[in-house]
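Heads up, work-v8.cif below (mmCIF, C-alpha atoms):
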data_coords
#
loop_
_atom_site.label_atom_id
_atom_site.label_comp_id
_atom_site.auth_asym_id
_atom_site.auth_seq_id
_atom_site.Cartn_x
_atom_site.Cartn_y
_atom_site.Cartn_z
CA GLY Q 1 0.96 -32.47 4.39
CA GLN Q 2 1.82 -29.00 5.55
CA ASP Q 3 5.13 -27.31 4.84
CA LEU Q 4 6.07 -24.15 6.78
CA SER Q 5 8.67 -21.67 5.51
CA LEU Q 6 9.88 -18.36 6.89
CA LYS Q 7 10.12 -15.64 4.29
CA PHE Q 8 12.21 -12.47 4.05
CA TYR Q 9 11.10 -10.21 1.23
CA GLY Q 10 11.40 -6.75 -0.23
CA GLY Q 11 10.80 -4.77 -3.36
CA GLY Q 12 9.29 -1.70 -4.93
CA ASN Q 13 5.81 -0.25 -5.04
CA TYR Q 14 3.94 2.21 -7.18
CA TYR Q 15 1.39 4.05 -5.00
CA TYR Q 16 -1.33 6.42 -6.16
CA SER Q 17 -4.61 7.82 -4.88
CA LYS Q 18 -8.08 8.14 -6.32
CA GLY Q 19 -10.64 10.49 -4.89
CA SER Q 20 -13.00 13.38 -5.43
CA GLN Q 21 -13.53 16.95 -4.29
CA VAL Q 22 -16.88 18.66 -3.96
CA LEU Q 23 -16.79 22.45 -4.11
CA ASN Q 24 -19.35 24.61 -2.33
CA SER Q 25 -21.19 25.06 -5.63
CA GLY Q 26 -21.89 21.31 -5.58
CA GLU Q 27 -19.55 20.72 -8.52
CA GLU Q 28 -17.70 17.42 -8.12
CA ILE Q 29 -14.17 17.01 -9.44
CA VAL Q 30 -12.76 13.50 -9.78
CA LEU Q 31 -9.18 13.42 -8.55
CA ASP Q 32 -6.86 10.92 -10.14
CA PHE Q 33 -3.43 11.58 -8.71
CA GLY Q 34 -1.91 9.95 -11.77
CA ASP Q 35 1.62 11.07 -10.95
CA GLY Q 36 1.76 8.47 -8.23
CA GLY Q 37 5.15 7.59 -6.87
CA ILE Q 38 7.70 4.86 -6.47
CA GLY Q 39 8.55 3.58 -3.00
CA TYR Q 40 9.85 0.44 -1.36
CA PHE Q 41 8.97 -2.21 1.23
CA ILE Q 42 10.80 -4.81 3.31
CA GLY Q 43 9.21 -7.55 5.37
CA TYR Q 44 9.23 -10.86 7.15
CA GLY Q 45 6.56 -13.53 7.17
CA ILE Q 46 5.50 -17.14 6.85
CA LYS Q 47 4.33 -19.30 3.99
CA VAL Q 48 2.42 -22.52 4.72
CA ASN Q 49 1.85 -25.00 1.89
CA MET Q 50 -1.31 -26.92 2.80
CA LYS Q 51 -3.28 -29.76 1.23
CA ASN Q 52 -4.70 -29.58 -2.30
CA ASN Q 53 -2.20 -26.94 -3.47
CA LEU Q 54 -3.59 -24.32 -1.07
CA VAL Q 55 -1.14 -21.83 0.44
CA PHE Q 56 -1.42 -19.46 3.42
CA ASN Q 57 0.87 -16.40 3.49
CA SER Q 58 1.18 -13.79 6.19
CA GLY Q 59 3.72 -11.06 6.69
CA ILE Q 60 4.57 -7.86 8.47
CA GLU Q 61 6.36 -5.14 6.53
CA VAL Q 62 7.52 -1.56 6.63
CA ALA Q 63 6.91 0.46 3.48
CA GLN Q 64 7.58 3.89 2.09
CA ARG Q 65 4.89 5.14 -0.26
CA ASN Q 66 5.16 8.23 -2.40
CA ASN Q 67 2.37 10.05 -4.15
CA GLY Q 68 4.06 12.84 -6.07
CA LYS Q 69 6.75 13.76 -8.54
CA ASP Q 70 9.68 14.42 -6.19
CA ASN Q 71 9.96 10.86 -5.02
CA TRP Q 72 13.59 9.78 -5.26
CA GLY Q 73 15.59 9.12 -2.11
CA PHE Q 74 16.92 12.35 -0.63
CA LEU Q 75 14.44 14.68 -2.36
CA LYS Q 76 11.81 16.21 -0.11
CA ASN Q 77 8.46 14.81 -1.15
CA PRO Q 78 5.40 16.38 0.49
CA HIS Q 79 3.44 13.19 -0.18
CA ARG Q 80 5.77 10.59 1.36
CA TYR Q 81 4.30 8.19 3.92
CA HIS Q 82 5.76 5.32 5.96
CA TYR Q 83 3.50 2.42 6.92
CA LEU Q 84 3.59 -0.74 9.02
CA SER Q 85 1.47 -3.40 7.27
CA ILE Q 86 0.11 -6.85 8.03
CA SER Q 87 -1.05 -8.88 5.05
CA PRO Q 88 -2.57 -12.37 5.36
CA SER Q 89 -3.60 -14.14 2.16
CA ILE Q 90 -4.77 -17.48 0.86
CA GLY Q 91 -3.63 -18.82 -2.47
CA TYR Q 92 -3.56 -21.69 -4.89
CA ASN Q 93 -0.40 -23.12 -6.47
CA PHE Q 94 -0.61 -24.05 -10.13
CA PHE Q 95 2.02 -26.60 -11.00
CA GLU Q 96 4.64 -26.23 -8.24
CA THR Q 97 6.09 -22.91 -9.25
CA ILE Q 98 3.22 -20.48 -9.97
CA GLY Q 99 0.69 -19.29 -7.40
CA LEU Q 100 -2.27 -16.95 -7.34
CA HIS Q 101 -3.30 -15.36 -4.03
CA PHE Q 102 -6.07 -13.18 -2.57
CA GLY Q 103 -5.86 -11.44 0.77
CA LEU Q 104 -6.31 -8.52 3.08
CA GLN Q 105 -3.90 -5.82 4.15
CA ALA Q 106 -4.10 -3.59 7.23
CA ASP Q 107 -1.85 -0.53 7.44
CA TYR Q 108 -0.80 1.79 10.24
CA LEU Q 109 0.72 5.15 9.30
CA LEU Q 110 4.07 5.54 11.06
CA HIS Q 111 5.26 8.86 9.57
CA LYS Q 112 4.17 11.50 7.08
CA GLN Q 113 5.86 14.62 5.79
CA LYS Q 114 4.82 17.84 7.56
CA VAL Q 115 3.22 19.15 4.37
CA SER Q 116 0.54 16.50 4.89
CA TYR Q 117 -0.82 18.38 7.91
CA LEU Q 118 -4.18 20.06 7.60
CA ASN Q 119 -3.23 22.42 10.42
CA PHE Q 120 0.54 22.94 10.87
CA ILE Q 121 0.34 24.44 14.37
CA LYS Q 122 -1.92 21.76 15.84
CA LYS Q 123 -0.31 19.08 13.63
CA GLU Q 124 -3.83 18.02 12.72
CA SER Q 125 -3.48 15.57 9.87
CA ALA Q 126 -5.53 15.47 6.71
CA PHE Q 127 -4.44 11.84 6.36
CA SER Q 128 -5.90 8.91 8.30
CA ASN Q 129 -3.53 6.88 10.49
CA TYR Q 130 -5.14 3.65 9.24
CA ASP Q 131 -5.80 2.03 5.89
CA ALA Q 132 -7.08 -1.40 4.90
CA GLY Q 133 -7.83 -3.14 1.66
CA VAL Q 134 -7.88 -6.25 -0.45
CA THR Q 135 -4.99 -7.67 -2.46
CA ILE Q 136 -4.61 -9.96 -5.44
CA GLY Q 137 -1.29 -11.24 -6.68
CA ILE Q 138 0.80 -13.82 -8.43
CA ASP Q 139 4.11 -15.42 -7.50
CA TYR Q 140 6.72 -17.55 -9.20
CA LYS Q 141 8.99 -19.81 -7.16
CA ILE Q 142 12.46 -20.99 -8.19
CA SER Q 143 14.05 -23.17 -5.49
CA LYS Q 144 14.07 -20.90 -2.39
CA ILE Q 145 13.55 -17.65 -4.33
CA GLU Q 146 10.07 -16.25 -4.88
CA ILE Q 147 9.31 -13.45 -7.35
CA PHE Q 148 5.92 -11.80 -6.87
CA GLY Q 149 3.61 -9.00 -7.88
CA SER Q 150 0.35 -7.78 -6.39
CA TYR Q 151 -2.31 -5.07 -6.54
CA TYR Q 152 -3.74 -3.35 -3.45
CA TYR Q 153 -7.21 -1.77 -3.47
CA GLY Q 154 -7.83 0.43 -0.41
CA LEU Q 155 -11.35 0.39 0.98
CA PRO Q 156 -11.68 3.24 3.52
CA TYR Q 157 -10.96 6.88 2.80
CA VAL Q 158 -7.38 7.78 3.75
CA VAL Q 159 -8.32 11.43 3.32
CA ASN Q 160 -11.83 12.35 4.42
CA LEU Q 161 -12.03 16.13 4.77
CA LYS Q 162 -15.28 17.87 5.46
CA GLY Q 163 -15.39 21.63 5.57
CA GLY Q 164 -11.93 22.24 4.14
CA GLN Q 165 -11.12 25.59 2.61
CA VAL Q 166 -8.79 26.57 -0.25
CA GLU Q 167 -8.60 30.15 -1.54
CA ASN Q 168 -11.82 31.02 0.32
CA HIS Q 169 -13.77 28.16 -1.27
CA ASP Q 170 -15.34 25.50 0.93
CA PHE Q 171 -14.77 21.96 -0.20
CA SER Q 172 -14.75 18.37 0.94
CA GLU Q 173 -12.34 15.73 -0.28
CA THR Q 174 -12.32 11.94 -0.14
CA THR Q 175 -9.40 9.80 -1.28
CA LYS Q 176 -8.63 6.05 -1.36
CA SER Q 177 -5.32 4.21 -1.81
CA ARG Q 178 -4.22 2.08 -4.76
CA MET Q 179 -0.87 0.32 -5.13
CA PHE Q 180 1.12 -2.10 -7.29
CA LYS Q 181 3.90 -4.07 -5.58
CA PHE Q 182 6.73 -6.10 -7.10
CA GLY Q 183 9.32 -7.96 -5.09
CA VAL Q 184 11.57 -10.88 -4.33
CA GLY Q 185 11.47 -13.17 -1.31
CA TYR Q 186 13.81 -15.75 0.15
CA LEU Q 187 12.26 -18.84 1.78
CA ILE Q 188 13.85 -20.62 4.74
CA ASN Q 189 12.46 -24.06 5.61
#
Would you give me this structure, written as structure tokens?
Amino acid sequence: GQDLSLKFYGGGNYYYSKGSQVLNSGEEIVLDFGDGGIGYFIGYGIKVNMKNNLVFNSGIEVAQRNNGKDNWGFLKNPHRYHYLSISPSIGYNFFETIGLHFGLQADYLLHKQKVSYLNFIKKESAFSNYDAGVTIGIDYKISKIEIFGSYYYGLPYVVNLKGGQVENHDFSETTKSRMFKFGVGYLIN
């Protein structure tokens, strides 16, 4: 049969970007923002245990993502973003305690630091208000506690600049999101 649980969850994330810049000379530079940054998330959702060990999860969460070195609490980070995310997934439970899941995640950008603006006066952003991607993860359940980890692979460009200019050089830049998440959830039947 089916078993429905409500789930409150939260944890930490490690967010980073991968992209490329093309200078006016045609030279391409691969950007790996390896510094990344540590952030957090908190959410609420449902977990439905279905037939044949299949599981459906869905949640809505608010997350802070950092992509830079100054990423601790009160410090001003120019690459700090706040998102609202929805993340449905389907999974398979091995034994009764370990599960593997695959899913989708859609994100809406709620807030970004002012440094993220392409044009400060017009507040024209260099960063897209939307992101979406695929997720893969694993969870371990002990009674009503669930410990989980997942990887997010963003599909669209979150930065897609054409005709940008730095130090009198024309360039274009494209960047996609990547993220690891680790957290704990509490299930209510």
Counting only C-alpha atoms, the residue of Q:His101, Q:Lys112, Q:Lys51, Q:Lys141 that sits nearest Val184 (chain Q):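 Answer, going by the shortest atom-to-atom distance: Q:Lys141.
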Residues matched by the PyMOL selection byres ((chain Q and resi 108) around 9), written as number ranges by chain: Q: 82-86, 106-107, 109-110, 128-132
Please produce a file of those selected residues containing C-alpha atoms, as a compact mmCIF listing (two decimals), keeping the file's coordinate frame.
# COMPACT_ATOMS: atom_id res chain seq x y z
CA HIS Q 82 5.76 5.32 5.96
CA TYR Q 83 3.50 2.42 6.92
CA LEU Q 84 3.59 -0.74 9.02
CA SER Q 85 1.47 -3.40 7.27
CA ILE Q 86 0.11 -6.85 8.03
CA ALA Q 106 -4.10 -3.59 7.23
CA ASP Q 107 -1.85 -0.53 7.44
CA LEU Q 109 0.72 5.15 9.30
CA LEU Q 110 4.07 5.54 11.06
CA SER Q 128 -5.90 8.91 8.30
CA ASN Q 129 -3.53 6.88 10.49
CA TYR Q 130 -5.14 3.65 9.24
CA ASP Q 131 -5.80 2.03 5.89
CA ALA Q 132 -7.08 -1.40 4.90
Result set, the PyMOL selection byres ((chain Q and resi 48) around 6) on current file, as a list in words: Asp3, Leu4, Lys47, Asn49, Val55 and Phe56 of chain Q
Chain and number of each residue from the PyMOL selection byres ((chain Q and resi 88) around 6), as a PyMOL selection string: chain Q and resi 57-58+87+89+103-104
Selection near Val134 (chain Q), 9 Å with all atoms listed in the file, sequence-local residues under 5 positions removed, as an MDAnalysis selection string: chainID Q and resid 102:106 151:155
Å distance separating CA of Tyr15 (chain Q) from CA of Phe41 (chain Q), one decimal place: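 Interatomic distance here is 11.6 Å.
CA of Leu6 (chain Q) is positioned 14.7 Å from CA of Met50 (chain Q).
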Pick from Q:Phe182, Q:Tyr140, Q:Tyr14, Q:Phe95 nearest to Leu54 (chain Q), counting only C-alpha atoms: Q:Phe95
Selected residue of minimal separation from Gly91 (chain Q) among Q:Asp139, Q:Ile147, Q:Ile60, Q:Ile188, counting only C-alpha atoms: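 For Gly91 (chain Q), the nearest of the given residues is Q:Asp139.
The gap separating CA of Gln64 (chain Q) from CA of Val158 (chain Q) is 15.5 Å, in Å to one decimal.
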Among listed residues Q:Gln2, Q:Thr135, Q:Asn53, Q:Asn189, nearest Ser177 (chain Q) (using all atoms listed in the file):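 Looking at the shortest contact to Ser177 (chain Q), the residue is Q:Thr135.
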Spatial neighbours of Lys181 (chain Q), max dist 6 Å, all atoms listed in the file, sep filter under 6 positions, as a PyMOL selection string: chain Q and resi 12-13+149-150
Neighbour list for Leu100 (chain Q) as an mmCIF file with C-alpha atoms, in the coordinates of the input, cut-off 6 Å, all atoms listed in the file, skip fewer than 2 positions in-chain:
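Produced file selection_6.cif, reproduced below:
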data_model
loop_
_atom_site.group_PDB
_atom_site.id
_atom_site.type_symbol
_atom_site.label_atom_id
_atom_site.label_comp_id
_atom_site.auth_asym_id
_atom_site.auth_seq_id
_atom_site.Cartn_x
_atom_site.Cartn_y
_atom_site.Cartn_z
ATOM 1 C CA GLY Q 91 -3.630 -18.820 -2.470
ATOM 2 C CA TYR Q 92 -3.560 -21.690 -4.890
ATOM 3 C CA GLY Q 137 -1.290 -11.240 -6.680
ATOM 4 C CA ILE Q 138 0.800 -13.820 -8.430
#
Can you tell me which residues surround Glu146 (chain Q) at a distance of at most 9 Å, considering all atoms listed in the file, apart from same-chain residues fewer than 2 positions away, and format the answer as a compact mmCIF listing (two decimals) with C-alpha atoms, in the frame of the given file?
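Saved to part_25.txt:
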# COMPACT_ATOMS: atom_id res chain seq x y z
CA TYR Q 9 11.10 -10.21 1.23
CA THR Q 97 6.09 -22.91 -9.25
CA ASP Q 139 4.11 -15.42 -7.50
CA TYR Q 140 6.72 -17.55 -9.20
CA LYS Q 141 8.99 -19.81 -7.16
CA ILE Q 142 12.46 -20.99 -8.19
CA SER Q 143 14.05 -23.17 -5.49
CA LYS Q 144 14.07 -20.90 -2.39
CA PHE Q 148 5.92 -11.80 -6.87
CA GLY Q 183 9.32 -7.96 -5.09
CA VAL Q 184 11.57 -10.88 -4.33
CA GLY Q 185 11.47 -13.17 -1.31
CA TYR Q 186 13.81 -15.75 0.15
CA LEU Q 187 12.26 -18.84 1.78
